[in-house]
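Peer 1: One file is attached below, start24.txt, containing compact mmCIF, C-alpha atoms.
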# COMPACT_ATOMS: atom_id res chain seq x y z
CA MET A 130 21.58 -1.79 -16.46
CA ASP A 131 19.05 -2.48 -19.15
CA GLU A 132 17.72 -0.07 -21.77
CA ALA A 133 14.58 0.81 -19.78
CA SER A 134 16.64 1.69 -16.68
CA ILE A 135 18.99 3.90 -18.67
CA PHE A 136 16.08 5.67 -20.36
CA ALA A 137 14.27 6.16 -17.01
CA LYS A 138 17.42 7.66 -15.44
CA GLU A 139 17.97 10.07 -18.34
CA TYR A 140 14.29 11.02 -18.54
CA LEU A 141 14.14 11.76 -14.82
CA GLU A 142 17.34 13.83 -14.96
CA ASP A 143 15.88 15.82 -17.86
CA LEU A 144 12.60 16.29 -15.98
CA LEU A 145 14.45 17.53 -12.90
CA SER A 146 16.38 20.01 -15.04
CA PHE A 147 13.03 21.80 -15.59
CA PHE A 148 13.04 22.42 -11.82
CA GLY A 149 16.52 23.88 -12.22
CA LEU A 150 18.21 20.82 -10.73
CA LYS A 151 21.29 19.35 -12.31
CA VAL A 152 21.63 16.07 -10.42
CA ASP A 153 22.95 12.62 -11.10
CA VAL A 154 20.09 10.22 -10.43
CA ALA A 155 21.28 6.85 -9.17
CA ALA A 156 19.63 4.03 -11.10
CA SER A 157 19.61 0.31 -10.44
CA LEU A 158 17.54 -2.72 -11.29
CA ASP A 159 16.34 -4.70 -8.28
CA GLU A 160 14.63 -7.87 -9.50
CA ASP A 161 12.05 -6.39 -11.89
CA VAL A 162 11.86 -2.90 -10.33
CA ILE A 163 13.78 0.07 -11.71
CA GLN A 164 15.03 1.97 -8.66
CA LEU A 165 15.74 5.68 -9.21
CA ASP A 166 17.23 7.66 -6.32
CA ILE A 167 17.29 11.43 -6.45
CA PRO A 168 20.03 12.79 -4.14
CA SER A 169 19.27 15.29 -1.41
CA THR A 170 19.02 18.89 -2.63
CA TYR A 171 17.59 22.16 -1.41
CA MET A 172 14.40 21.19 -3.28
CA ASN A 173 13.60 17.97 -1.39
CA ALA A 174 10.34 19.29 0.05
CA SER A 175 9.21 20.65 -3.32
CA LEU A 176 10.02 17.38 -5.11
CA ILE A 177 8.14 15.33 -2.52
CA GLY A 178 5.19 17.70 -2.11
CA THR A 179 2.25 17.58 0.26
CA ARG A 180 1.35 13.95 1.05
CA SER A 181 3.91 12.94 -1.61
CA GLU A 182 1.69 14.27 -4.42
CA THR A 183 4.55 15.82 -6.40
CA LEU A 184 6.65 12.67 -6.08
CA ARG A 185 3.70 10.57 -7.29
CA ALA A 186 3.28 12.91 -10.28
CA ILE A 187 6.98 12.64 -11.12
CA HIS A 188 6.63 8.86 -10.86
CA ALA A 189 3.59 8.82 -13.16
CA LEU A 190 5.31 10.97 -15.79
CA THR A 191 8.47 8.86 -15.71
CA ALA A 192 6.57 5.56 -15.82
CA ALA A 193 4.48 6.75 -18.78
CA ALA A 194 7.58 7.90 -20.66
CA VAL A 195 9.35 4.58 -20.05
CA GLN A 196 6.32 2.62 -21.20
CA GLN A 197 5.98 4.73 -24.34
CA GLN A 198 9.70 4.37 -25.10
CA THR A 199 9.92 0.61 -24.51
CA GLY A 200 6.38 -0.48 -25.33
CA GLU A 201 6.30 -2.42 -22.04
CA HIS A 202 5.15 -1.75 -18.51
CA HIS A 203 8.06 -1.49 -16.05
CA ARG A 204 7.75 -1.16 -12.31
CA LEU A 205 9.53 1.94 -11.00
CA ASN A 206 10.41 3.18 -7.56
CA ILE A 207 11.52 6.79 -7.35
CA ASP A 208 12.85 8.13 -4.05
CA VAL A 209 14.04 11.58 -3.00
CA ALA A 210 16.82 11.69 -0.40
CA ASN A 211 15.70 8.32 1.02
CA TYR A 212 12.28 9.79 1.95
CA LYS A 213 10.33 6.69 0.91
CA LYS A 214 12.81 4.34 2.53
CA GLN A 215 12.66 6.17 5.86
CA ARG A 216 8.87 6.40 5.66
CA ALA A 217 8.65 2.65 4.99
CA GLU A 218 10.84 1.96 8.03
CA ARG A 219 8.57 4.10 10.24
CA LEU A 220 5.45 2.40 8.88
CA THR A 221 7.01 -1.03 9.45
CA ARG A 222 7.61 -0.14 13.10
CA ARG A 223 3.99 1.03 13.46
CA ALA A 224 2.78 -2.16 11.76
CA GLN A 225 4.76 -4.21 14.26
CA ASP A 226 2.94 -2.41 17.08
CA TRP A 227 -0.44 -3.13 15.44
CA ILE A 228 0.54 -6.78 14.96
CA LYS A 229 1.60 -7.03 18.61
CA GLU A 230 -1.80 -5.61 19.59
CA VAL A 231 -3.63 -8.18 17.44
CA LYS A 232 -1.64 -10.99 19.02
CA GLN A 233 -2.15 -9.69 22.59
CA LYS A 234 -5.86 -8.91 22.31
CA GLY A 235 -6.70 -11.83 20.04
CA ARG A 236 -8.92 -9.65 17.83
CA ASP A 237 -8.72 -8.53 14.23
CA LYS A 238 -7.71 -4.93 13.62
CA GLN A 239 -8.91 -2.81 10.73
CA LEU A 240 -6.52 0.02 9.91
CA LYS A 241 -7.32 3.40 8.42
CA PRO A 242 -7.27 3.74 4.60
CA MET A 243 -3.82 3.64 2.99
CA ASN A 244 -2.35 3.90 -0.46
CA ALA A 245 -1.19 0.73 -2.22
CA ALA A 246 2.49 1.17 -1.33
CA ASP A 247 1.72 1.56 2.38
CA ARG A 248 -0.65 -1.43 2.35
CA ARG A 249 2.12 -3.50 0.74
CA ILE A 250 4.50 -2.56 3.58
CA VAL A 251 1.93 -3.58 6.23
CA HIS A 252 1.17 -6.88 4.44
CA LYS A 253 4.89 -7.68 4.31
CA ALA A 254 5.33 -6.92 8.03
CA ALA A 255 2.28 -9.03 8.90
CA GLY A 256 3.54 -11.96 6.86
CA ALA A 257 6.94 -11.77 8.56
CA GLU A 258 5.18 -12.04 11.95
CA GLY A 259 2.87 -14.88 10.89
CA ILE A 260 -0.27 -12.74 10.87
CA VAL A 261 -2.74 -12.97 8.00
CA SER A 262 -3.66 -9.66 6.43
CA GLU A 263 -6.03 -8.62 3.68
CA SER A 264 -7.03 -5.45 1.91
CA VAL A 265 -10.70 -4.50 1.97
CA GLY A 266 -12.68 -1.60 0.58
CA GLU A 267 -12.56 0.30 -2.67
CA GLY A 268 -10.54 3.19 -4.07
CA ASP A 269 -9.19 5.68 -1.56
CA GLN A 270 -11.05 3.85 1.24
CA ARG A 271 -9.04 0.64 0.76
CA ARG A 272 -7.51 -0.52 4.04
CA VAL A 273 -5.67 -3.42 5.64
CA VAL A 274 -7.25 -5.82 8.10
CA LEU A 275 -4.83 -7.69 10.36
CA LYS A 276 -6.43 -11.02 11.26
CA ASN A 277 -6.10 -13.14 14.32
CA GLY A 278 -7.86 -16.47 13.76
CA SER A 279 -11.42 -16.58 12.47
CA GLN A 280 -12.98 -13.72 14.44
CA PRO A 281 -14.63 -10.95 12.40
CA ALA A 282 -12.69 -7.72 11.96
CA GLU A 283 -13.51 -4.87 14.33
CA GLU A 284 -14.03 -1.40 13.07
CA GLN A 285 -11.05 0.24 14.71
CA GLU A 286 -9.47 3.31 13.27
CA VAL A 287 -5.80 3.96 13.84
For this file, produce the structure as structure tokens.
Peer 2:
Amino acid sequence: MDEASIFAKEYLEDLLSFFGLKVDVAASLDEDVIQLDIPSTYMNASLIGTRSETLRAIHALTAAAVQQQTGEHHRLNIDVANYKKQRAERLTRRAQDWIKEVKQKGRDKQLKPMNAADRRIVHKAAGAEGIVSESVGEGDQRRVVLKNGSQPAEEQEV
């Protein structure tokens, strides 16, 4: 593990100690992403928060601390009890259904707004199935359009 990964692990463990948790965060470096896995505890729901807001805040604090310590931007992925991994698997299955629909109906499909991480999962699934996808819109209204040929995208909410 590199210096940034070690610092991120220690910082996150210290941060969690403020919640009263003494846990050993698993840290690894996958390509250029520092992966930090918080084991399952009685505080899973509190650490994740409503719509993952607490987890995003923990991520933002850790990323800022790592950047300040190293002077460089590092990509981080923080997960609590495999929550993000399981969520990504569910979203991938839903994306496969949407892709199947695009292929069967022969029409573009515009999905509801998603955060950047979810859009990335859908783009990856689309690419694996040979479907072109693009993100459209601004800010919290940014969404994925799954394309089938050159037809214009329909306004379909999912």
Peer 1: Compile the contact shell of His202 in chain A as a VMD selection string: residues with an atom at most 9 Å away, counting all atoms listed in the file, same-chain residues fewer than 6 positions apart removed.
Peer 2: chain A and resid 192 to 193 195 to 196
Peer 1: Got a sec: who's within 12 Å of Glu258 in chain A, counting all atoms listed in the file, leaving out chain neighbours fewer than 6 positions off, as a ChimeraX atom specification?
Peer 2: /A:221,224-229,231-232,251-252,275-277
Peer 1: Produce the centre coordinates and the three edge lengths, each in Å to one decimal, of the box along x, y and z that contains all listed atoms of range 268-276 of chain A with 6 Å added on each side, as JSON.
Peer 2:
{"center_x": -7.9, "center_y": -2.7, "center_z": 3.6, "size_x": 18.2, "size_y": 28.7, "size_z": 27.3}
Peer 1: At what distance in Å, to one decimal, does CA of Leu158 in chain A lie from CA of Met130 in chain A?
Peer 2: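 Interatomic distance here is 6.6 Å.
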Peer 1: Do you have, as a Markdown table, the list of residues of range 193-274 of chain A lying at most 8 Å from range 176-188 of chain A, each with its nearest atom pair and that distance in Å to one decimal, counting only C-alpha atoms and ordered by chain then number?
Peer 2:
| residue | atom | partner | partner_atom | distance |
| --- | --- | --- | --- | --- |
| A:Leu205 | CA | A:His188 | CA | 7.5 |
| A:Asn206 | CA | A:His188 | CA | 7.6 |
| A:Ile207 | CA | A:His188 | CA | 6.4 |
| A:Asp208 | CA | A:Leu184 | CA | 7.9 |
| A:Val209 | CA | A:Ile177 | CA | 7.0 |
Peer 1: Between A:Val273, A:Val261, A:Leu220, A:Val152, which residue has the minimum interatomic distance to Arg248 in chain A, considering all atoms listed in the file?
Peer 2: A:Val273
